[in-house]
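Engineer: My structure is in query-v9.pdb, and what it holds is PDB, C-alpha atoms:
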```
ATOM      1  CA  SER A   1     -92.956  30.147  23.652  1.00  0.00           C
ATOM      2  CA  ILE A   2     -91.170  33.060  25.232  1.00  0.00           C
ATOM      3  CA  VAL A   3     -87.926  34.271  23.695  1.00  0.00           C
ATOM      4  CA  GLN A   4     -85.480  35.641  26.213  1.00  0.00           C
ATOM      5  CA  ALA A   5     -83.087  38.517  25.563  1.00  0.00           C
ATOM      6  CA  ASN A   6     -80.239  36.072  24.948  1.00  0.00           C
ATOM      7  CA  GLY A   7     -82.237  34.394  22.188  1.00  0.00           C
ATOM      8  CA  GLN A   8     -83.188  31.246  24.078  1.00  0.00           C
ATOM      9  CA  THR A   9     -86.727  30.035  23.681  1.00  0.00           C
ATOM     10  CA  ILE A  10     -88.688  28.817  26.669  1.00  0.00           C
ATOM     11  CA  PRO A  11     -91.633  26.655  25.648  1.00  0.00           C
ATOM     12  CA  SER A  12     -94.614  27.723  27.677  1.00  0.00           C
ATOM     13  CA  THR A  13     -97.538  25.465  28.442  1.00  0.00           C
ATOM     14  CA  GLU A  14     -99.816  28.220  27.195  1.00  0.00           C
ATOM     15  CA  SER A  15     -98.412  28.082  23.674  1.00  0.00           C
ATOM     16  CA  LYS A  16     -99.043  24.316  23.690  1.00  0.00           C
ATOM     17  CA  GLU A  17    -102.639  25.059  24.535  1.00  0.00           C
ATOM     18  CA  TRP A  18    -102.898  27.518  21.619  1.00  0.00           C
ATOM     19  CA  GLN A  19    -101.380  24.908  19.284  1.00  0.00           C
ATOM     20  CA  THR A  20    -103.921  22.316  20.369  1.00  0.00           C
ATOM     21  CA  ILE A  21    -106.771  24.722  19.687  1.00  0.00           C
ATOM     22  CA  ALA A  22    -105.295  25.653  16.312  1.00  0.00           C
ATOM     23  CA  SER A  23    -105.562  22.012  15.281  1.00  0.00           C
ATOM     24  CA  LEU A  24    -109.227  21.825  16.321  1.00  0.00           C
ATOM     25  CA  ILE A  25    -110.686  24.875  14.630  1.00  0.00           C
ATOM     26  CA  ALA A  26    -112.244  25.216  11.190  1.00  0.00           C
ATOM     27  CA  PRO A  27    -109.917  26.459   8.431  1.00  0.00           C
ATOM     28  CA  ALA A  28    -112.114  29.573   8.110  1.00  0.00           C
ATOM     29  CA  CYS A  29    -111.069  30.579  11.614  1.00  0.00           C
ATOM     30  CA  ARG A  30    -107.332  30.150  11.239  1.00  0.00           C
ATOM     31  CA  ALA A  31    -106.488  33.693  10.105  1.00  0.00           C
ATOM     32  CA  ILE A  32    -108.422  35.295  12.918  1.00  0.00           C
ATOM     33  CA  PHE A  33    -107.103  32.784  15.436  1.00  0.00           C
ATOM     34  CA  GLN A  34    -103.544  33.680  14.475  1.00  0.00           C
ATOM     35  CA  LEU A  35    -104.234  37.417  14.859  1.00  0.00           C
ATOM     36  CA  ILE A  36    -105.837  36.872  18.258  1.00  0.00           C
ATOM     37  CA  ARG A  37    -102.992  34.644  19.320  1.00  0.00           C
ATOM     38  CA  ASN A  38    -100.479  37.316  18.293  1.00  0.00           C
ATOM     39  CA  GLY A  39    -102.429  39.985  20.156  1.00  0.00           C
ATOM     40  CA  SER A  40    -102.959  37.759  23.182  1.00  0.00           C
ATOM     41  CA  THR A  41     -99.430  38.178  24.480  1.00  0.00           C
ATOM     42  CA  THR A  42     -99.811  41.931  24.933  1.00  0.00           C
ATOM     43  CA  ASN A  43    -103.355  41.620  26.280  1.00  0.00           C
ATOM     44  CA  ASN A  44    -102.854  38.562  28.503  1.00  0.00           C
ATOM     45  CA  LEU A  45    -105.673  36.846  26.687  1.00  0.00           C
ATOM     46  CA  LEU A  46    -106.060  33.202  27.599  1.00  0.00           C
ATOM     47  CA  PRO A  47    -106.525  30.642  24.836  1.00  0.00           C
ATOM     48  CA  PRO A  48    -110.178  30.290  23.792  1.00  0.00           C
ATOM     49  CA  GLN A  49    -112.277  27.160  23.923  1.00  0.00           C
ATOM     50  CA  ALA A  50    -112.733  25.614  20.493  1.00  0.00           C
ATOM     51  CA  GLY A  51    -116.199  24.423  19.492  1.00  0.00           C
ATOM     52  CA  PHE A  52    -117.898  25.972  22.509  1.00  0.00           C
ATOM     53  CA  GLU A  53    -121.556  25.033  23.024  1.00  0.00           C
ATOM     54  CA  LEU A  54    -123.932  27.534  24.593  1.00  0.00           C
ATOM     55  CA  GLU A  55    -126.544  25.773  26.678  1.00  0.00           C
ATOM     56  CA  GLY A  56    -130.141  26.761  27.244  1.00  0.00           C
ATOM     57  CA  SER A  57    -132.000  26.622  30.543  1.00  0.00           C
ATOM     58  CA  LYS A  58    -132.527  22.850  30.251  1.00  0.00           C
ATOM     59  CA  GLY A  59    -128.894  22.155  29.405  1.00  0.00           C
ATOM     60  CA  GLU A  60    -129.659  21.760  25.706  1.00  0.00           C
ATOM     61  CA  VAL A  61    -127.232  23.204  23.150  1.00  0.00           C
ATOM     62  CA  ILE A  62    -128.771  26.368  21.692  1.00  0.00           C
ATOM     63  CA  ALA A  63    -125.784  27.782  19.818  1.00  0.00           C
ATOM     64  CA  GLU A  64    -122.215  26.938  18.930  1.00  0.00           C
ATOM     65  CA  ALA A  65    -119.167  29.161  18.660  1.00  0.00           C
ATOM     66  CA  GLU A  66    -116.005  28.194  16.840  1.00  0.00           C
ATOM     67  CA  LEU A  67    -113.978  30.114  19.444  1.00  0.00           C
ATOM     68  CA  ALA A  68    -115.191  31.313  22.834  1.00  0.00           C
ATOM     69  CA  TRP A  69    -113.914  32.930  26.014  1.00  0.00           C
ATOM     70  CA  PRO A  70    -116.684  31.978  28.471  1.00  0.00           C
ATOM     71  CA  ASP A  71    -115.170  33.988  31.341  1.00  0.00           C
ATOM     72  CA  HIS A  72    -115.473  37.147  29.271  1.00  0.00           C
ATOM     73  CA  GLN A  73    -118.614  36.062  27.361  1.00  0.00           C
ATOM     74  CA  LEU A  74    -116.900  36.641  24.028  1.00  0.00           C
ATOM     75  CA  ALA A  75    -117.371  34.354  21.037  1.00  0.00           C
ATOM     76  CA  ILE A  76    -116.767  33.975  17.313  1.00  0.00           C
ATOM     77  CA  ALA A  77    -119.315  31.941  15.386  1.00  0.00           C
ATOM     78  CA  ILE A  78    -119.699  30.728  11.805  1.00  0.00           C
ATOM     79  CA  GLU A  79    -123.502  30.848  11.551  1.00  0.00           C
ATOM     80  CA  PRO A  80    -125.481  34.137  11.793  1.00  0.00           C
ATOM     81  CA  GLU A  81    -128.171  32.390  13.919  1.00  0.00           C
ATOM     82  CA  ASP A  82    -125.507  31.406  16.438  1.00  0.00           C
ATOM     83  CA  VAL A  83    -124.259  35.002  16.631  1.00  0.00           C
ATOM     84  CA  GLU A  84    -127.821  36.122  17.308  1.00  0.00           C
ATOM     85  CA  THR A  85    -128.371  33.509  20.026  1.00  0.00           C
ATOM     86  CA  PHE A  86    -125.104  34.382  21.789  1.00  0.00           C
ATOM     87  CA  THR A  87    -125.939  38.095  21.562  1.00  0.00           C
ATOM     88  CA  ASN A  88    -129.412  37.493  23.019  1.00  0.00           C
ATOM     89  CA  ALA A  89    -127.767  35.577  25.860  1.00  0.00           C
ATOM     90  CA  GLY A  90    -125.736  38.678  26.728  1.00  0.00           C
ATOM     91  CA  TRP A  91    -122.502  37.692  24.983  1.00  0.00           C
ATOM     92  CA  ARG A  92    -120.495  39.709  22.502  1.00  0.00           C
ATOM     93  CA  CYS A  93    -120.325  37.525  19.434  1.00  0.00           C
ATOM     94  CA  TRP A  94    -118.750  38.121  16.042  1.00  0.00           C
ATOM     95  CA  LEU A  95    -119.506  36.454  12.737  1.00  0.00           C
ATOM     96  CA  ILE A  96    -116.440  34.819  11.198  1.00  0.00           C
ATOM     97  CA  ASP A  97    -117.213  36.511   7.854  1.00  0.00           C
ATOM     98  CA  ASP A  98    -116.307  39.910   9.287  1.00  0.00           C
ATOM     99  CA  SER A  99    -112.806  41.206   8.682  1.00  0.00           C
ATOM    100  CA  PRO A 100    -110.298  39.333  10.902  1.00  0.00           C
ATOM    101  CA  ASP A 101    -108.601  42.625  11.788  1.00  0.00           C
ATOM    102  CA  SER A 102    -111.762  44.318  12.955  1.00  0.00           C
ATOM    103  CA  ILE A 103    -112.919  41.267  14.924  1.00  0.00           C
ATOM    104  CA  THR A 104    -109.525  40.978  16.611  1.00  0.00           C
ATOM    105  CA  ASN A 105    -109.455  44.674  17.491  1.00  0.00           C
ATOM    106  CA  SER A 106    -112.929  44.735  18.999  1.00  0.00           C
ATOM    107  CA  LEU A 107    -112.333  41.433  20.778  1.00  0.00           C
ATOM    108  CA  LEU A 108    -109.140  42.663  22.419  1.00  0.00           C
ATOM    109  CA  GLU A 109    -110.845  45.966  23.285  1.00  0.00           C
ATOM    110  CA  ALA A 110    -113.746  44.078  24.854  1.00  0.00           C
ATOM    111  CA  LEU A 111    -111.379  42.590  27.410  1.00  0.00           C
TER     112      LEU A 111
END
```
Show me this structure written as C-alpha cells.
Structural biologist:
Amino acid sequence: SIVQANGQTIPSTESKEWQTIASLIAPACRAIFQLIRNGSTTNNLLPPQAGFELEGSKGEVIAEAELAWPDHQLAIAIEPEDVETFTNAGWRCWLIDDSPDSITNSLLEAL
C-alpha cells in the first residue's frame, strides 16, 4: 500500500499480489522475500512468480525456483541442481542458502 503525505494509506493491487505470494512460498524464503519486497518499491520490481517451473525443450519440468522473474530471467532456488539448471539455461539464479542481503543486492542490480 502507498502512504500519502497526509498519512492516508492507499491499498494497491500490487501489494495484494505480494501478499498472495508471501503465503505461497517456503518459510526459508520469507526473509529474502521481505527484503526484495522492500527494495522493489525503489526499483519498480514486479512481484515474482512463486514455485516457477523451468521447462525443457519438450515442455517437461527441468528445474524449479521458489521465486522467479521470468521477464528478467532471474530466479531463487532451494536446490543446488536447480540453480545449475537455471544458470545453464541462461538465467541468473541464486541459492536460497546465500545471505539474503547479498542475494537481494545482486538481484536488484541485475535489473
Engineer: Out of A:Val61, A:Ile25, A:Leu111, A:Leu45, which residue has the shortest atom-to-atom distance to Ile96 of chain A when counting only C-alpha atoms?
Structural biologist: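 Closest to Ile96 of chain A, using only C-alpha atoms: A:Ile25.
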Engineer: Set the distance at 12 Å and use only C-alpha atoms: which residues neighbour Gly90 of chain A once local chain neighbours fewer than 2 positions away are removed? I'd like the list as a PyMOL selection string.
Structural biologist: chain A and resi 54+70+72-75+83-88+92-93
Engineer: For Leu46 of chain A, which residue out of A:Glu60, A:Trp69, A:Ile32, A:Thr20 is the nearest one, using all atoms listed in the file?
Structural biologist: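 Counting all atoms listed in the file, the residue closest to Leu46 of chain A is A:Trp69.
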Engineer: Using all atoms listed in the file, which protein or nucleic acid residues come within 12 Å of Ile21 of chain A? Drop anything in the same chain fewer than 5 positions from it, and give the result as an MDAnalysis selection string.
Structural biologist: chainID A and resid 14:16 26:27 29:30 33:34 37 46:52 66:68
Engineer: Taking only C-alpha atoms into account, name the residue in A:Ala28, A:Glu109, A:Glu17, A:Ser102 that is nearest to Glu79 of chain A.
Structural biologist: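 Among A:Ala28, A:Glu109, A:Glu17, A:Ser102, it is A:Ala28 that comes nearest to Glu79 of chain A.
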Engineer: Give me the residues within 9 Å of Leu108 of chain A as a short mmCIF file (atom, residue, chain, number, x, y, z; two decimals) with C-alpha atoms, keeping the file's coordinate frame, counting all atoms listed in the file and dropping any in the same chain fewer than 5 places off.
Structural biologist:
```cif
data_model
loop_
_atom_site.label_atom_id
_atom_site.label_comp_id
_atom_site.auth_asym_id
_atom_site.auth_seq_id
_atom_site.Cartn_x
_atom_site.Cartn_y
_atom_site.Cartn_z
CA ILE A 36 -105.84 36.87 18.26
CA GLY A 39 -102.43 39.98 20.16
CA SER A 40 -102.96 37.76 23.18
CA ASN A 43 -103.36 41.62 26.28
CA LEU A 45 -105.67 36.85 26.69
CA ILE A 103 -112.92 41.27 14.92
#
```
Engineer: Using Å and a single decimal, report how far atom CA of Leu95 of chain A sits from atom CA of Ser57 of chain A.
Structural biologist: 23.9 Å
